[in-house]
>>> print(open('model_22.cif').read())   # mmCIF, C-alpha atoms
data_coords
loop_
_atom_site.label_atom_id
_atom_site.label_comp_id
_atom_site.auth_asym_id
_atom_site.auth_seq_id
_atom_site.Cartn_x
_atom_site.Cartn_y
_atom_site.Cartn_z
CA VAL L 1 -21.00 -11.11 6.00
CA ILE L 2 -18.25 -13.04 4.20
CA ARG L 3 -17.12 -15.65 6.70
CA HIS L 4 -14.69 -17.33 4.35
CA GLN L 5 -13.51 -17.14 0.73
CA PHE L 6 -11.62 -19.77 -1.23
CA GLY L 7 -11.00 -21.02 -4.75
CA LEU L 8 -10.88 -24.49 -6.25
CA ASP L 9 -7.11 -24.23 -5.97
CA GLU L 10 -7.55 -24.29 -2.17
CA ARG L 11 -10.47 -26.66 -1.66
CA SER L 12 -12.10 -29.19 -3.92
CA SER L 13 -15.26 -31.26 -3.95
CA SER L 14 -15.34 -34.69 -2.36
CA LEU L 15 -15.22 -36.33 -5.82
CA VAL L 16 -12.07 -38.42 -6.14
CA ARG L 17 -10.19 -37.24 -9.22
CA SER L 18 -6.98 -38.35 -10.86
CA HIS L 19 -3.68 -36.80 -9.86
CA GLU L 20 -3.52 -35.11 -13.27
CA GLU L 21 -7.02 -33.62 -12.92
CA ASN L 22 -6.19 -32.36 -9.42
CA SER L 23 -2.99 -30.75 -10.72
CA PHE L 24 -4.96 -29.10 -13.51
CA LEU L 25 -7.53 -27.80 -11.01
CA LEU L 26 -4.77 -26.48 -8.76
CA GLU L 27 -3.40 -24.52 -11.70
CA HIS L 28 -6.74 -23.09 -12.92
CA GLY L 29 -9.01 -23.38 -9.85
CA ARG L 30 -8.52 -19.78 -8.77
CA GLN L 31 -11.02 -18.78 -11.46
CA VAL L 32 -13.77 -20.23 -9.27
CA GLN L 33 -14.30 -18.29 -6.04
CA VAL L 34 -16.56 -19.40 -3.22
CA LEU L 35 -17.93 -16.81 -0.81
CA VAL L 36 -19.25 -18.44 2.35
CA LEU L 37 -21.78 -16.03 3.83
CA SER L 38 -23.06 -15.96 7.39
CA GLY L 39 -25.49 -14.15 9.62
CA TYR L 40 -28.28 -11.83 8.57
CA VAL L 41 -27.63 -10.06 5.26
CA PHE L 42 -28.96 -6.50 5.30
CA PHE L 43 -28.21 -3.20 3.51
CA GLY L 44 -24.76 -2.53 4.96
CA SER L 45 -23.42 -6.07 4.72
CA ALA L 46 -24.94 -6.64 1.28
CA ASN L 47 -23.39 -3.42 -0.01
CA SER L 48 -19.96 -4.47 1.26
CA LEU L 49 -20.50 -7.85 -0.46
CA LEU L 50 -21.29 -6.03 -3.71
CA GLU L 51 -18.11 -3.97 -3.40
CA HIS L 52 -16.10 -7.13 -2.68
CA VAL L 53 -17.49 -8.83 -5.80
CA LYS L 54 -16.66 -5.72 -7.88
CA THR L 55 -13.09 -5.92 -6.60
CA LEU L 56 -12.90 -9.66 -7.36
CA THR L 57 -14.03 -9.11 -10.95
CA THR L 58 -11.31 -6.52 -11.55
CA GLU L 59 -8.49 -8.34 -9.73
CA ARG L 60 -8.66 -11.70 -11.45
CA LYS L 61 -10.13 -13.62 -14.33
CA LEU L 62 -13.19 -15.35 -12.95
CA GLY L 63 -15.43 -17.97 -14.49
CA VAL L 64 -17.70 -18.78 -11.54
CA VAL L 65 -18.63 -17.14 -8.24
CA ILE L 66 -20.39 -19.39 -5.74
CA PHE L 67 -22.36 -17.83 -2.88
CA ASP L 68 -22.86 -20.30 -0.01
CA PHE L 69 -25.94 -19.35 2.04
CA SER L 70 -25.81 -22.36 4.38
CA SER L 71 -24.98 -20.11 7.38
CA VAL L 72 -27.21 -17.19 6.39
CA THR L 73 -30.05 -16.62 8.86
CA GLY L 74 -32.03 -14.32 6.56
CA ILE L 75 -31.91 -11.38 4.17
CA ASP L 76 -33.86 -8.16 3.74
CA SER L 77 -35.10 -6.49 0.55
CA SER L 78 -32.05 -4.21 0.32
CA ALA L 79 -29.87 -7.32 0.23
CA GLY L 80 -32.06 -8.58 -2.59
CA ALA L 81 -31.39 -5.35 -4.49
CA SER L 82 -27.63 -5.77 -3.93
CA PHE L 83 -27.79 -9.31 -5.30
CA ALA L 84 -29.62 -7.98 -8.37
CA LYS L 85 -26.65 -5.65 -8.93
CA ILE L 86 -24.24 -8.53 -8.34
CA ARG L 87 -26.13 -10.64 -10.86
CA THR L 88 -25.97 -7.86 -13.47
CA LEU L 89 -22.27 -7.28 -12.81
CA LEU L 90 -21.42 -10.97 -13.14
CA MET L 91 -23.52 -11.40 -16.29
CA LYS L 92 -21.88 -8.34 -17.88
CA ASN L 93 -18.46 -9.88 -17.23
CA GLY L 94 -19.42 -13.37 -18.43
CA ILE L 95 -19.12 -14.88 -14.96
CA GLN L 96 -21.50 -17.65 -13.86
CA GLN L 97 -23.32 -17.00 -10.57
CA VAL L 98 -24.11 -19.99 -8.38
CA MET L 99 -26.20 -19.96 -5.20
CA VAL L 100 -26.00 -22.72 -2.59
CA ALA L 101 -28.43 -23.56 0.24
CA VAL L 102 -30.73 -20.58 -0.33
CA SER L 103 -33.77 -20.86 1.96
CA ALA L 104 -37.27 -20.50 0.53
CA GLN L 105 -37.70 -17.15 2.30
CA SER L 106 -34.41 -15.78 0.95
CA ALA L 107 -35.21 -17.11 -2.53
CA ALA L 108 -38.54 -15.27 -2.48
CA ILE L 109 -36.79 -11.97 -1.65
CA LEU L 110 -34.09 -12.59 -4.27
CA ASN L 111 -36.67 -13.47 -6.93
CA ALA L 112 -38.73 -10.34 -6.16
CA SER L 113 -35.65 -8.13 -6.61
CA SER L 114 -34.28 -9.98 -9.69
CA GLY L 115 -31.36 -11.30 -7.67
CA LEU L 116 -32.17 -14.78 -8.96
CA GLY L 117 -33.09 -15.88 -12.45
CA ALA L 118 -32.87 -18.76 -14.88
CA ASP L 119 -29.20 -17.88 -15.50
CA VAL L 120 -28.30 -18.37 -11.82
CA ARG L 121 -27.62 -22.00 -10.96
CA ARG L 122 -28.73 -23.26 -7.56
CA TYR L 123 -27.60 -26.22 -5.46
CA ASP L 124 -28.71 -27.55 -2.11
CA HIS L 125 -25.18 -28.48 -1.02
CA LEU L 126 -21.80 -26.83 -1.54
CA ASP L 127 -20.13 -30.08 -2.56
CA ALA L 128 -22.43 -30.42 -5.59
CA ALA L 129 -21.64 -26.85 -6.65
CA LEU L 130 -17.89 -27.47 -6.26
CA GLU L 131 -18.08 -30.64 -8.35
CA ALA L 132 -19.98 -28.84 -11.12
CA ALA L 133 -17.47 -25.97 -11.06
CA GLU L 134 -14.58 -28.44 -11.32
CA GLU L 135 -16.19 -29.99 -14.39
CA GLU L 136 -16.57 -26.52 -15.92
CA VAL L 137 -12.91 -25.70 -15.37
CA LEU L 138 -11.79 -29.03 -16.84
CA THR L 139 -14.14 -28.60 -19.80
CA ALA L 140 -13.39 -24.89 -20.38
CA TYR L 141 -9.72 -25.58 -20.74
CA ASP L 142 -10.42 -28.68 -22.79
CA ALA L 143 -8.39 -30.80 -20.41
CA PRO L 144 -6.61 -33.44 -22.47
CA ALA L 145 -8.30 -36.80 -22.64
CA SER L 146 -5.33 -38.22 -20.76
CA LEU L 147 -6.47 -36.22 -17.72
CA ARG L 148 -10.00 -37.54 -18.03
CA GLY L 149 -9.12 -41.22 -17.79
CA SER L 150 -11.56 -44.07 -17.43
CA MET L 151 -12.34 -45.94 -14.23
CA VAL L 152 -10.16 -48.82 -15.44
CA ASP L 153 -7.26 -46.37 -15.93
CA TRP L 154 -7.74 -45.04 -12.41
CA LEU L 155 -7.92 -48.55 -10.94
CA ALA L 156 -4.79 -49.58 -12.85
CA ASP L 157 -2.91 -46.71 -11.20
CA VAL L 158 -4.19 -47.76 -7.77
CA VAL L 159 -3.66 -51.53 -8.01
CA GLY L 160 -0.58 -51.36 -10.24
CA SER L 161 -1.81 -53.72 -12.95
CA ARG L 162 -4.02 -53.12 -15.97
CA GLY L 163 -5.13 -56.78 -15.99
CA HIS L 164 -6.14 -56.72 -12.33
CA ALA L 165 -7.90 -53.40 -12.86
CA GLU L 166 -9.95 -54.80 -15.75
CA GLU L 167 -10.84 -57.89 -13.72
CA LEU L 168 -11.84 -55.78 -10.70
CA PHE L 169 -13.85 -53.39 -12.88
CA GLY L 170 -15.72 -56.35 -14.39
CA LEU L 171 -16.87 -57.34 -10.89
CA MET L 172 -18.13 -53.87 -10.00
CA ALA L 173 -21.74 -52.70 -10.17
CA PRO L 174 -22.98 -49.10 -9.88
CA ALA L 175 -24.50 -48.24 -6.51
CA SER L 176 -27.23 -45.66 -6.85
CA CYS L 177 -28.04 -43.55 -3.84
CA ASP L 178 -29.45 -40.12 -3.14
CA ALA L 179 -27.49 -37.25 -1.62
CA ASN L 180 -28.68 -38.05 1.90
CA SER L 181 -27.77 -41.74 2.01
CA TYR L 182 -24.51 -43.48 2.84
CA LEU L 183 -22.53 -46.20 1.15
CA CYS L 184 -20.81 -46.92 4.47
CA HIS L 185 -20.17 -45.32 7.85
CA GLN L 186 -16.81 -44.83 9.50
CA GLY L 187 -15.84 -47.99 11.30
CA ASP L 188 -18.03 -50.34 9.21
#
>>> encode(input="model_22.cif", output="structure tokens")
Amino acid sequence: VIRHQFGLDERSSSLVRSHEENSFLLEHGRQVQVLVLSGYVFFGSANSLLEHVKTLTTERKLGVVIFDFSSVTGIDSSAGASFAKIRTLLMKNGIQQVMVAVSAQSAAILNASSGLGADVRRYDHLDAALEAAEEEVLTAYDAPASLRGSMVDWLADVVGSRGHAEELFGLMAPASCDANSYLCHQGD
């Protein structure tokens, strides 16, 4: 049922971060593990997932486990029971559980079995979950302020001049958009 597993040290969100922040995430990103699930999750596959999560919690120091349901076609009630055990295990170990792209039908089964709760964060898209996890890692380790530079600092690194960066920043305006819109398309 686990199609792929990775940590923030292997793959990051699409948010552009400073070189220093990326280096910090490479060093500490293994504490966030993403389990990309696929297919139909039933008793056997859910039980093997539970065993895998147990192994993960003993092998390494984890802060967040993200379950990506975007390729899950459905779950049965026994899978819901396994997720309730996973939730309890993660809570007991102080590990945040995050669920991504859970369908309404799967959410109903998970809620009925206590596999979901107010303590379990949910996102519609994996990228949003990755970005939030990155922020948690940076915050948990109290990344020095020098790593969390301002937009002007970032621009100064890119354009090579603090004065030009300040001038450019003064001409910028925030562009608000929802998750399904585009600022530009390739080739524009």
>>> closest_residue(input="model_22.cif", among="L:Asp68, L:Glu21, L:Asp76, L:Glu59", to="Ser38 (chain L)", atoms="only C-alpha atoms")
L:Asp68
>>> closest_residue(input="model_22.cif", among="L:Leu130, L:Val53, L:Ala84, L:His125", to="Ala112 (chain L)", atoms="only C-alpha atoms")
L:Ala84
>>> atom_distance(input="model_22.cif", atom1="CA of Val16 (chain L)", atom2="CA of Ala118 (chain L)")
29.9 Å
>>> atom_distance(input="model_22.cif", atom1="CA of Tyr141 (chain L)", atom2="CA of Leu26 (chain L)")
13.0 Å
>>> resolve_selection(input="model_22.cif", expression="the PyMOL selection byres ((chain L and resi 36) around 8)", output="list of chain:residue names")
L:Ile2, L:Arg3, L:His4, L:Gln5, L:Val34, L:Leu35, L:Leu37, L:Ser38, L:Phe67, L:Asp68, L:Phe69, L:Ser70, L:Ser71
>>> resolve_selection(input="model_22.cif", expression="the PyMOL selection byres ((chain L and resi 95) around 7)", output="list in words")
Leu62, Gly63, Val64, Leu90, Met91, Asn93, Gly94, Gln96 and Gln97 of chain L
>>> resolve_selection(input="model_22.cif", expression="the PyMOL selection byres ((chain L and resi 80) around 6)", output="ChimeraX atom specification")
/L:77-79,81-83,109-110,113,115
>>> residues_around(input="model_22.cif", residues="Ala129 (chain L)", least_positions_apart="3", cutoff="12 Å", atoms="all atoms listed in the file", output="ChimeraX atom specification")
/L:8,12-15,32-34,64-68,96-101,120-126,132-136
>>> write_last_selection(input="model_22.cif", atoms="C-alpha atoms", output="tab-separated table (two decimals), in the frame of the given file")
chain	number	residue	atom	x	y	z
L	8	LEU	CA	-10.88	-24.49	-6.25
L	12	SER	CA	-12.10	-29.19	-3.92
L	13	SER	CA	-15.26	-31.26	-3.95
L	14	SER	CA	-15.34	-34.69	-2.36
L	15	LEU	CA	-15.22	-36.33	-5.82
L	32	VAL	CA	-13.77	-20.23	-9.27
L	33	GLN	CA	-14.30	-18.29	-6.04
L	34	VAL	CA	-16.56	-19.40	-3.22
L	64	VAL	CA	-17.70	-18.78	-11.54
L	65	VAL	CA	-18.63	-17.14	-8.24
L	66	ILE	CA	-20.39	-19.39	-5.74
L	67	PHE	CA	-22.36	-17.83	-2.88
L	68	ASP	CA	-22.86	-20.30	-0.01
L	96	GLN	CA	-21.50	-17.65	-13.86
L	97	GLN	CA	-23.32	-17.00	-10.57
L	98	VAL	CA	-24.11	-19.99	-8.38
L	99	MET	CA	-26.20	-19.96	-5.20
L	100	VAL	CA	-26.00	-22.72	-2.59
L	101	ALA	CA	-28.43	-23.56	0.24
L	120	VAL	CA	-28.30	-18.37	-11.82
L	121	ARG	CA	-27.62	-22.00	-10.96
L	122	ARG	CA	-28.73	-23.26	-7.56
L	123	TYR	CA	-27.60	-26.22	-5.46
L	124	ASP	CA	-28.71	-27.55	-2.11
L	125	HIS	CA	-25.18	-28.48	-1.02
L	126	LEU	CA	-21.80	-26.83	-1.54
L	132	ALA	CA	-19.98	-28.84	-11.12
L	133	ALA	CA	-17.47	-25.97	-11.06
L	134	GLU	CA	-14.58	-28.44	-11.32
L	135	GLU	CA	-16.19	-29.99	-14.39
L	136	GLU	CA	-16.57	-26.52	-15.92
>>> closest_residue(input="model_22.cif", among="L:Thr58, L:His164, L:Glu131, L:Phe42", to="Ser106 (chain L)", atoms="all atoms listed in the file")
L:Phe42
